[in-house]
Amino acid sequence: MSRKKHWVAVATLIALAAVAGASTLQFRSGPDASGNRATAAGQATGAVAAAAVGQGGAVAARPAVRPDAGRDDGGTYVVVLREPALGAYRGEVAGLPAPPRRADARGKLRLDSRGAAARNYVGYLRTRQQQLEGEIAVRIGRPLAVRERMQHAVNAIVTDLGGGEADRIRALPEVLLVEEYREYVLDTDTGPGLIGADALWDGSAPGADAAWQGEGVVFGILDSGINFGSPSFAAEDPVDGYVHVNPLGAGNHLGSCAAGDVDEGRCNDKLVAGYDFVCGPPANLCGQPNIREEPGFGDSNGHGTHVASTAAGNRRDDVFRGNPVSISGVAPRANIVAFDICYTNTATGQGLCPNVSAVAAVDQAIADGIVDVINYSIGGGSQPWSEVVSLAFLGAVDAGIYVATSAGNSGPGPNTMGHLEPWVSSTAASQHGRGAFSVLLQVTGPEPVPEPLSPVLLNEGSNGVAHDATIPGTTPLRVSDGYDGDTDACAALPAGSFDGAIAVVRRGGCAFSIKVNNADAAGAVAVVIANNADGGLIPSVPGTAIPAFGVTQADGDALRDFARAHADATAMIGFPAVPLPNTVDALGAFSSRGPAGNFDLLKPDVTAPGVSILAADAGTTITGFEQLLGLKNGTSMASPHQAGAAGLLRQARPGWTMPEIKSALAMTADQTVLLEDEVTPADPFARGAGRIRVDLAINAGLVMDENAGNYLAANPAEGGDPSALNQPSLASGRCFEGCEFIRTFRNPTSRAQVWRPRLEGLQGRVTPASLKVPAGGSRSVRVTIDSRALPADGSWHFGTVVLEPAGGLLRDPLPVLRLPVAVSVPPPAIALPDLVTASIAQGQNGSVDVTVGNAGGSTLEFSVDNTGSATLQVADVKRGAVTSGYRSTLYTDPGADPPGAFASDDFVLASQTRIGSLFTEGFVSSGGALATVAQAITWSIYPDAAGMPAGDPQTSPGAAVWSHTATPGAPGVDTTGNHIGLELEAAGQDVVLPAGRYWLVVHTHATLANRWVWFAAPSGSGSFMVITPGADGTGTWSPVSSFAGLSMTVSGTVECGASWLGPVTPPMGRLAPGASRPLRMALGGAGLTPGTYGGNLCVASNDPVTPKAAAPVRLTVTP
């Protein structure tokens, strides 16, 4: 299929209305009496029923989710229905008025989730869900076992389905979206001060009329649980003695803290509620292999505790690695609800978060009616309008809950962003001036000591004996005799060989603990383990009795060389650890970068501290680690800084909407952020608007609002335009010759204001030149970008819209507001027919019309050139609006059964073709970046065998006519956006195939949680194939006809022209974007006998991707 066929917009997905929720105390969206928690009577009457079974009691009664089933065997799915959930409801059903939105006791505007209108509509939705469940049961021929029902964040059910059943349900008119079970990856010291929180704490921020520390604000932490015994979450602040006020009333709690439930006694007036959606429904995962998770919301991972402490933890004065430290959450007097939605995979150590658990948690947050801010430091969100968790976040925002997310830890490459939802705010991670706490090893003699050894930075090992005292400078420094081998210190060392010494050994061949214990048995007082590859090393050494440290390969080799040259070498290992300085506002190299896929959005939204963040932590059990502090890196640590700042604004400016809070944080951000080299200024795709300054945001003189209807209408798959959203940024990837944006601002102050807008960094203008906004009123500006001087190559260019206050009208000076701008001029893209057919009589001449088009975004200049060779688009099928796909991964999990699942689609070659490139669209189920979660990628082309591939990658890989395996970063491999591309020449592959039908299989080598899913497509040959071979080798390819094909592009090289192809009129031309025109090609029949002939019409152009394209021509000569 040629790119010509992309001009028609495919709209198969109707956008879901924004959603919100309601519940009374101790009520929840969710299971009914058949295993779910709302009674059947409650559903019939429309009332919300009390929980009949506590979370702890429901675990054993329900099976675990089925993430490991193949496509044919099925798995767990979320089925989202079209009728709007509570928050999106606007009274469309006769007799059911919409629930109002009211200010709570502290003036915060939120959905009335506990009134009669909310209860009645929720009851209506439950009845409708049961009716549809009956229809589904008839359609699939069996009763439907429902794990969970949700009516607040989304109108959805969670159930187990076979793959074919899911496809049949997807076709129902009442169904909006069917999403397979997937798992997303888990992605303060000086941090709060850097973002300006301390100025709100003491009331010194410009425009502040009080001091705000989060009183009355409730944070929903969706994560791995919480270390409920930590002083960071005590009812009384350990430092200033503040006694927290429970918004539910003293001693009242929600969720699993209820009397008789698993977390009874673990809540207090700061930690007011908790839920377990991992051991409890809908996941029910406890007791499964390789899962570390306990019933209740306790934390045995540490991620959730650290995040909660950073956002809203109490003040604490403590000691960390021998250093006195003071830490605090950004909003230290706020309350917390812990939503446990993640577990630890003990085989990999990775934190994983089921989508079904996340969406249930968001639904519950809305139903409870007390949460003000959600923090979600977890992956996902790359498809905002077609991921159920993303849609749930839209429901939360519409209900009056701010959602802060991490940007992802897949940087610094482009297009690695997670959380592209325009209704949430994603956070990049930067340094904050204090880096890691490092132990210093100082070689003390003999003199002279080389400069690299004075000192050496050590990383203290984990899970072993703490280093709590200086090892004196007279201590011998000795290196292992086996240091240069691959198994150093894996066997017993000579007795006394390290008596009283610091032992230096090398990584490799066995566990770190074995090396340490062998050195200990030989007399060592401490062990330094050198890495055997580039990078740092933090050795885990459980079961050891002496301090252990990691060191880089280079430093280890330097220690080896010195110790071997000096038998009397000595060294000191200091205590306490030394806090190392770093450059403020330099991005972490891991921080993910834009652009935002193919969406006209600017992401990330903002930057916050996320490198070497010190906060409360948790151990591997839910008790015994109450005093633990931890130092962590990641955008997971940056997001709670933003969440905390949003909470302070929620308290200080209760009348602002969630988009207005987001805009205030973005427009007042500090743009002086640097790249990870600590020198180069970061562009908006790296920093967003900049590092947040909540002390300025509180005094923002203008804010920007948006509504859920517009967010949904912006879905590009439905013809929407995300660039038209009223965002505090401007982005367009289709800025041919110029583009325009309109942005609307509200004056939240009590006096009229005058602003002077201007455009910096790009050619263009902002009108009007002077903007007067009345008190409480709104006015718009038009931003016009002149892109005629920009290269038409798809590169991005940046600028800033600046709004400067004219001044003088308010007591406190207003901050200058800035909106980042990103524009790109797309290149032209030639489009030719898939096949040109013509017929002439023997001995006669004729002609045929061929359409050439421009599917790109700039003017196409073309000319016919039937010499040499050209690129032929053998297949070019895009997914359009399709959001479903089929697994294609060989699982790397030990003992995985089935070992993998694969998908395949076919293509036909009309003549001998050299394959040049392959491209397939897909996504990683966990939301992680393919470049980091896949060990390898394999491409295979199989010959056709009676309408299916002649083999498969697991049981018969040798049947392929060609196969290639490479790592994601190998030459010729492109994994941008989690799609998979291969340029064969760059990869060193030369594949020439004769005419015929072939099958392409592309699969990753990754864990089940990080499986790659190949997008289906609305066009193609009509069907494709899937297979899930068993561990015993059984299994056959099965056709799938739910979609017409899989998304794939196959390009090849063919010879141009044919003896019977004549002149083309006109031979050249120009086409505007989206335009097309016919060319008339002469055909000469002289000397041709009756039969069929093949050739190629070739057209050269300024398309940078395909400078010379071919269209196959099939000529039939009749007698």
# chains A, B, ... in the order shown; residues from 1 in each chain; ligands from 1
call {"tool": "residues_around", "arguments": {"residues": "segment 955-962 of chain A", "least_positions_apart": "3", "cutoff": "9 Å", "atoms": "only C-alpha atoms", "output": "list in words"}}
result
Trp939, Ser940, Ile941, Tyr942, Pro943, Pro949, Ala950, Gly951, Asp952, Val991, Leu993, Pro1029, Gly1033 and Thr1034 of chain A
call {"tool": "select_by_dssp", "arguments": {"residues": "segment 156-307 of chain A", "states": "strand (DSSP E)", "output": "ChimeraX atom specification"}}
result
/A:156-161,175-180,183-185,218-223,254-255,271-276,291-292
call {"tool": "closest_residue", "arguments": {"among": "A:Leu144, A:Val933, A:Val525, A:Val679", "to": "Thr583 of chain A", "atoms": "only C-alpha atoms"}}
result
A:Val679
call {"tool": "residues_around", "arguments": {"residues": "Pro539 of chain A", "least_positions_apart": "2", "cutoff": "9 Å", "atoms": "only C-alpha atoms", "output": "PyMOL selection string"}}
result
chain A and resi 459-463+512-513+529+537+541+548-550
call {"tool": "write_last_selection", "arguments": {"atoms": "C-alpha atoms", "output": "PDB file, in the first residue's frame"}}
result
ATOM      1  CA  ASN A 459      30.050   3.140  46.514  1.00  0.00           C
ATOM      2  CA  GLU A 460      29.017   1.484  49.759  1.00  0.00           C
ATOM      3  CA  GLY A 461      27.525  -1.964  49.266  1.00  0.00           C
ATOM      4  CA  SER A 462      23.937  -2.748  50.134  1.00  0.00           C
ATOM      5  CA  ASN A 463      22.297  -5.399  52.339  1.00  0.00           C
ATOM      6  CA  PHE A 512      29.508 -10.518  45.488  1.00  0.00           C
ATOM      7  CA  SER A 513      28.811 -12.067  48.904  1.00  0.00           C
ATOM      8  CA  ILE A 529      35.121  -4.888  44.439  1.00  0.00           C
ATOM      9  CA  LEU A 537      29.024  -0.593  40.914  1.00  0.00           C
ATOM     10  CA  VAL A 541      26.296  -8.370  49.813  1.00  0.00           C
ATOM     11  CA  ALA A 548      32.114  -3.934  51.178  1.00  0.00           C
ATOM     12  CA  PHE A 549      32.378  -1.274  48.487  1.00  0.00           C
ATOM     13  CA  GLY A 550      32.183  -0.958  44.710  1.00  0.00           C
TER      14      GLY A 550
END
call {"tool": "closest_residue", "arguments": {"among": "A:Arg316, A:Arg691, A:Gly776, A:Ser858", "to": "Arg734 of chain A", "atoms": "only C-alpha atoms"}}
result
A:Ser858
